[in-house]
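Next up, structure38.json (JSON, C-alpha atoms):
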```
[["chain", "number", "residue", "atom", "x", "y", "z"],
["A", 188, "MET", "CA", 25.61, 165.05, 80.29],
["A", 189, "VAL", "CA", 28.68, 164.35, 82.43],
["A", 190, "LYS", "CA", 30.38, 167.60, 83.48],
["A", 191, "PHE", "CA", 34.13, 167.94, 83.94],
["A", 192, "ALA", "CA", 36.08, 170.64, 85.75],
["A", 193, "ASP", "CA", 37.80, 172.96, 83.26],
["A", 194, "SER", "CA", 41.14, 172.02, 84.84],
["A", 195, "LEU", "CA", 40.64, 168.44, 83.62],
["A", 196, "ARG", "CA", 39.76, 169.42, 80.06],
["A", 197, "HIS", "CA", 42.10, 170.00, 77.15],
["A", 198, "SER", "CA", 41.88, 173.09, 74.96],
["A", 199, "TYR", "CA", 42.11, 173.10, 71.18],
["A", 200, "LYS", "CA", 42.07, 175.73, 68.47],
["A", 201, "THR", "CA", 39.60, 175.72, 65.62],
["A", 202, "ALA", "CA", 40.65, 176.59, 62.09],
["A", 203, "ALA", "CA", 39.45, 180.15, 62.75],
["A", 204, "GLY", "CA", 41.43, 180.42, 65.97],
["A", 205, "ARG", "CA", 38.71, 179.92, 68.54],
["A", 206, "THR", "CA", 39.58, 178.06, 71.75],
["A", 207, "VAL", "CA", 37.32, 175.08, 72.53],
["A", 208, "LEU", "CA", 37.44, 172.53, 75.33],
["A", 209, "ASP", "CA", 36.93, 168.77, 75.11],
["A", 210, "GLY", "CA", 34.97, 166.60, 77.51],
["A", 211, "GLY", "CA", 31.77, 168.59, 77.43],
["A", 212, "GLY", "CA", 29.98, 167.44, 74.32],
["A", 213, "VAL", "CA", 28.81, 169.97, 71.75],
["A", 214, "THR", "CA", 28.19, 173.35, 73.34],
["A", 215, "PRO", "CA", 25.98, 175.57, 71.19],
["A", 216, "ASP", "CA", 27.34, 178.96, 70.13],
["A", 217, "VAL", "CA", 23.87, 180.45, 70.62],
["A", 218, "PRO", "CA", 22.13, 178.97, 73.70],
["A", 219, "VAL", "CA", 18.37, 178.52, 73.34],
["A", 220, "ALA", "CA", 16.26, 178.38, 76.49],
["A", 221, "ASP", "CA", 13.68, 175.61, 76.77],
["A", 222, "PRO", "CA", 10.28, 177.22, 76.21],
["A", 223, "ASP", "CA", 7.71, 177.14, 78.99],
["A", 224, "ILE", "CA", 4.52, 175.32, 78.08],
["A", 225, "ALA", "CA", 1.00, 176.37, 78.98],
["A", 226, "ASP", "CA", -0.91, 174.64, 81.76],
["A", 227, "ILE", "CA", -3.41, 173.21, 79.27],
["A", 228, "THR", "CA", -0.60, 171.72, 77.19],
["A", 229, "ARG", "CA", 0.96, 170.11, 80.27],
["A", 230, "VAL", "CA", -2.40, 168.51, 81.16],
["A", 231, "LEU", "CA", -2.86, 167.15, 77.64],
["A", 232, "LEU", "CA", 0.59, 165.56, 77.78],
["A", 233, "THR", "CA", 0.56, 164.19, 81.32],
["A", 234, "LYS", "CA", -2.93, 162.71, 81.03],
["A", 235, "GLY", "CA", -2.10, 161.08, 77.70],
["A", 236, "TYR", "CA", -4.79, 162.84, 75.66],
["A", 237, "ILE", "CA", -2.38, 163.73, 72.85],
["A", 238, "PHE", "CA", -1.05, 160.16, 72.88],
["A", 239, "ASP", "CA", -4.59, 158.72, 72.74],
["A", 240, "PHE", "CA", -5.62, 160.93, 69.83],
["A", 241, "ALA", "CA", -2.49, 159.97, 67.87],
["A", 242, "THR", "CA", -3.25, 156.29, 68.47],
["A", 243, "ARG", "CA", -6.80, 156.66, 67.16],
["A", 244, "TYR", "CA", -5.59, 158.71, 64.21],
["A", 245, "ARG", "CA", -3.15, 155.97, 63.22],
["A", 246, "ALA", "CA", -5.89, 153.37, 63.37],
["A", 247, "GLU", "CA", -8.17, 155.47, 61.14],
["A", 248, "HIS", "CA", -5.55, 156.55, 58.58],
["A", 249, "PRO", "CA", -3.43, 153.81, 56.97],
["A", 250, "THR", "CA", -1.06, 156.38, 55.44],
["A", 251, "ILE", "CA", -0.22, 160.06, 55.75],
["A", 252, "LEU", "CA", 2.01, 162.51, 53.88],
["A", 253, "GLY", "CA", 5.74, 162.54, 54.56],
["A", 254, "ALA", "CA", 6.90, 163.66, 58.01],
["A", 255, "LYS", "CA", 7.85, 167.18, 56.84],
["A", 256, "GLU", "CA", 4.67, 167.65, 54.78],
["A", 257, "PHE", "CA", 2.11, 166.28, 57.22],
["A", 258, "HIS", "CA", -0.17, 168.74, 58.99],
["A", 259, "LEU", "CA", -3.53, 168.40, 60.71],
["A", 260, "SER", "CA", -6.36, 170.36, 59.16],
["A", 261, "GLU", "CA", -8.49, 172.79, 61.14],
["A", 262, "GLY", "CA", -11.28, 170.24, 61.07],
["A", 263, "GLU", "CA", -9.01, 167.56, 62.50],
["A", 264, "TYR", "CA", -7.89, 169.87, 65.28],
["A", 265, "GLN", "CA", -11.53, 170.49, 66.10],
["A", 266, "LYS", "CA", -11.99, 166.72, 66.28],
["A", 267, "PHE", "CA", -9.17, 166.63, 68.81],
["A", 268, "ILE", "CA", -10.95, 169.26, 70.89],
["A", 269, "ALA", "CA", -14.19, 167.28, 70.63],
["A", 270, "SER", "CA", -12.37, 164.13, 71.79],
["A", 271, "LEU", "CA", -11.68, 165.87, 75.11],
["A", 272, "SER", "CA", -15.37, 166.25, 75.89],
["A", 273, "GLY", "CA", -16.15, 164.65, 79.23],
["A", 274, "LYS", "CA", -12.48, 164.16, 80.10],
["A", 275, "ASP", "CA", -10.65, 165.70, 83.02],
["A", 276, "VAL", "CA", -8.71, 168.68, 81.70],
["A", 277, "THR", "CA", -8.85, 170.67, 84.91],
["A", 278, "TYR", "CA", -5.83, 172.65, 86.04],
["A", 279, "LYS", "CA", -5.12, 175.63, 88.26],
["A", 280, "THR", "CA", -3.24, 178.58, 86.85],
["A", 281, "SER", "CA", -0.85, 180.77, 88.81],
["A", 282, "VAL", "CA", -3.40, 183.59, 88.53],
["A", 283, "GLU", "CA", -6.06, 181.42, 90.16],
["A", 284, "THR", "CA", -3.65, 180.57, 92.96],
["A", 285, "ALA", "CA", -2.94, 184.27, 93.45],
["A", 286, "VAL", "CA", -6.67, 185.08, 93.62],
["A", 287, "GLU", "CA", -7.21, 182.31, 96.17],
["A", 288, "GLU", "CA", -4.39, 183.76, 98.28],
["A", 289, "LEU", "CA", -5.96, 187.21, 97.96],
["A", 290, "VAL", "CA", -9.30, 185.87, 99.17],
["A", 291, "ARG", "CA", -7.67, 184.08, 102.09],
["A", 292, "ARG", "CA", -5.82, 187.19, 103.24],
["A", 293, "ALA", "CA", -8.87, 189.41, 102.72],
["A", 294, "LYS", "CA", -10.95, 187.11, 104.92],
["A", 295, "GLU", "CA", -8.26, 187.15, 107.60],
["A", 296, "ASP", "CA", -8.23, 190.95, 107.55],
["A", 297, "LYS", "CA", -12.06, 191.13, 107.48],
["A", 298, "HIS", "CA", -11.99, 192.93, 104.11],
["A", 299, "TYR", "CA", -13.40, 190.18, 101.91],
["A", 300, "ASP", "CA", -16.98, 191.52, 101.77],
["A", 301, "ALA", "CA", -15.66, 194.82, 100.39],
["A", 302, "ILE", "CA", -13.79, 193.19, 97.49],
["A", 303, "LYS", "CA", -16.11, 190.23, 96.89],
["A", 304, "PRO", "CA", -17.71, 191.68, 93.71],
["A", 305, "GLU", "CA", -14.29, 192.38, 92.15],
["A", 306, "VAL", "CA", -13.06, 188.91, 93.07],
["A", 307, "ALA", "CA", -16.13, 187.37, 91.43],
["A", 308, "LEU", "CA", -15.43, 189.32, 88.24],
["A", 309, "MET", "CA", -11.80, 188.16, 88.21],
["A", 310, "GLN", "CA", -12.81, 184.53, 88.72],
["A", 311, "LYS", "CA", -15.37, 184.80, 85.92],
["A", 312, "SER", "CA", -12.77, 186.32, 83.58],
["A", 313, "ILE", "CA", -10.23, 183.62, 84.43],
["A", 314, "ALA", "CA", -12.79, 180.87, 83.76],
["A", 315, "ALA", "CA", -13.68, 182.40, 80.38],
["A", 316, "THR", "CA", -10.00, 182.65, 79.42],
["A", 317, "LYS", "CA", -9.31, 179.04, 80.40],
["A", 318, "ALA", "CA", -12.30, 177.84, 78.38],
["A", 319, "ASN", "CA", -10.57, 179.21, 75.29],
["A", 320, "ASP", "CA", -7.11, 177.80, 76.04],
["A", 321, "LEU", "CA", -7.34, 175.00, 73.47],
["A", 322, "ILE", "CA", -7.67, 177.69, 70.81],
["A", 323, "ARG", "CA", -5.37, 180.26, 72.41],
["A", 324, "PHE", "CA", -2.52, 177.76, 72.65],
["A", 325, "LYS", "CA", -3.21, 175.96, 69.39],
["A", 326, "THR", "CA", 0.18, 176.93, 67.96],
["A", 327, "GLU", "CA", 1.80, 175.17, 70.91],
["A", 328, "ILE", "CA", -0.47, 172.11, 71.03],
["A", 329, "LEU", "CA", -0.73, 171.42, 67.29],
["A", 330, "PRO", "CA", 2.98, 170.62, 66.68],
["A", 331, "LEU", "CA", 2.89, 168.16, 69.59],
["A", 332, "LEU", "CA", -0.15, 166.44, 68.11],
["A", 333, "GLU", "CA", 1.41, 166.28, 64.67],
["A", 334, "SER", "CA", 4.72, 165.01, 66.03],
["A", 335, "ASP", "CA", 3.02, 162.22, 67.99],
["A", 336, "ILE", "CA", 1.01, 161.18, 64.94],
["A", 337, "VAL", "CA", 4.06, 161.26, 62.67],
["A", 338, "SER", "CA", 5.94, 159.04, 65.13],
["A", 339, "ARG", "CA", 3.36, 156.27, 64.54],
["A", 340, "TYR", "CA", 4.29, 156.16, 60.86],
["A", 341, "TYR", "CA", 7.92, 157.30, 60.63],
["A", 342, "PHE", "CA", 9.25, 156.69, 64.16],
["A", 343, "GLN", "CA", 12.10, 158.82, 65.59],
["A", 344, "LYS", "CA", 13.32, 159.97, 62.18],
["A", 345, "GLY", "CA", 9.87, 161.31, 61.43],
["A", 346, "ILE", "CA", 9.68, 163.17, 64.75],
["A", 347, "THR", "CA", 12.96, 164.90, 63.94],
["A", 348, "GLU", "CA", 11.87, 165.86, 60.44],
["A", 349, "ALA", "CA", 8.46, 167.05, 61.63],
["A", 350, "SER", "CA", 10.08, 169.37, 64.17],
["A", 351, "PHE", "CA", 12.14, 171.31, 61.61],
["A", 352, "ASN", "CA", 9.57, 174.11, 61.29],
["A", 353, "SER", "CA", 8.86, 174.53, 65.01],
["A", 354, "ASP", "CA", 11.94, 173.43, 66.95],
["A", 355, "PRO", "CA", 13.52, 176.55, 68.54],
["A", 356, "ASP", "CA", 17.06, 175.15, 68.18],
["A", 357, "VAL", "CA", 16.56, 174.51, 64.47],
["A", 358, "LYS", "CA", 14.96, 177.92, 63.93],
["A", 359, "THR", "CA", 17.85, 179.63, 65.72],
["A", 360, "ALA", "CA", 20.40, 177.69, 63.68],
["A", 361, "VAL", "CA", 18.67, 178.63, 60.41],
["A", 362, "ALA", "CA", 18.56, 182.29, 61.49],
["A", 363, "VAL", "CA", 22.30, 182.24, 62.16],
["A", 364, "LEU", "CA", 23.09, 180.52, 58.84],
["A", 365, "ASN", "CA", 20.99, 183.09, 57.00],
["A", 366, "ASP", "CA", 22.91, 185.94, 58.63],
["A", 367, "ALA", "CA", 26.39, 185.80, 57.06],
["A", 368, "ASN", "CA", 27.78, 188.57, 59.28],
["A", 369, "ARG", "CA", 26.62, 186.95, 62.50],
["A", 370, "TYR", "CA", 27.78, 183.52, 61.36],
["A", 371, "SER", "CA", 31.30, 184.74, 60.56],
["A", 372, "ARG", "CA", 31.51, 186.57, 63.89],
["A", 373, "LEU", "CA", 30.57, 183.37, 65.76],
["A", 374, "LEU", "CA", 33.43, 181.50, 64.10],
["A", 375, "ARG", "CA", 36.04, 184.04, 65.14],
["A", 376, "PRO", "CA", 37.70, 184.16, 68.57],
["A", 377, "ALA", "CA", 35.51, 185.96, 71.10],
["A", 378, "SER", "CA", 36.25, 189.62, 71.69],
["A", 379, "PRO", "CA", 35.12, 191.25, 74.96],
["A", 380, "THR", "CA", 34.49, 194.56, 73.20],
["A", 381, "GLU", "CA", 32.72, 193.19, 70.13],
["A", 382, "PRO", "CA", 29.25, 191.77, 70.86],
["A", 383, "ILE", "CA", 27.74, 189.20, 68.54],
["A", 384, "PRO", "CA", 25.11, 190.90, 66.37],
["A", 385, "ALA", "CA", 21.52, 189.86, 66.86],
["A", 386, "ALA", "CA", 19.83, 187.74, 64.21],
["A", 387, "LYS", "CA", 18.07, 189.65, 61.44],
["A", 388, "LYS", "CA", 14.29, 189.64, 61.56]]
```

I need this file expressed as structure tokens, please.
Amino acid sequence: MVKFADSLRHSYKTAAGRTVLDGGGVTPDVPVADPDIADITRVLLTKGYIFDFATRYRAEHPTILGAKEFHLSEGEYQKFIASLSGKDVTYKTSVETAVEELVRRAKEDKHYDAIKPEVALMQKSIAATKANDLIRFKTEILPLLESDIVSRYYFQKGITEASFNSDPDVKTAVAVLNDANRYSRLLRPASPTEPIPAAKK
């Protein structure tokens, strides 16, 4: 998005009296931070494994439910996991990097032999945790799989519709719309002494 200095922008008043500036596109009233994704998810995306599975799925299924109704079954997700057998899904977590740095420093200080058993236990625990990442991060991976599959049938419109239940921007917007008090406060001019109430849970 092209950014303009505030001095070059014109201000306008909304019907409720809020001041807004032009030249900056649509600025959300409630900013939503982009979520971080897990290392395993990043590998699946960058190496094209999600893309490949969606391609095979399209070839094997002439039709699917509508974009908003379509979901992979547990069995189909297990097939996705099985499709990764023999493929390179290696990645190094920040914890592994920290342990490697610990080992390096311990060896420099001649203390490694004293902590070697504990380091081995940590490395074993990390390996066991990573082996379960496809299950642990299923709620993050599954929507990406479903979205890619939906795109093969319904294109960009389908991707948008399929994201309604998981997109953080959509979920935040729905939460605001379902909270009449918060919604009305957002429409009024900002007050430095009156914070916007949090969304109801």

Selection: 12 Å around segment 228-235 of chain A, all atoms listed in the file, excl. self and same-chain fewer than 6 positions, as a list in words: Ala241, Thr242, Phe267, Ile268, Ser270, Leu271, Lys274, Asp275, Val276, Thr277, Tyr278, Lys279, Thr280, Lys317, Asp320, Leu321, Ile322, Arg323, Phe324, Lys325, Thr326, Glu327, Ile328, Leu329, Pro330, Leu331, Leu332 and Asp335 of chain A

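Going from atom CA of Leu259 of chain A to atom CA of Glu333 of chain A covers 6.7 Å.
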
Between atom CA of Val306 of chain A and atom CA of Thr284 of chain A, what is the spacing in Å? 12.6 Å

Separation of atom CA of Tyr341 of chain A and atom CA of Tyr264 of chain A, in Å?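 Computed distance, atom CA of Tyr341 of chain A to atom CA of Tyr264 of chain A, equals 20.7 Å.
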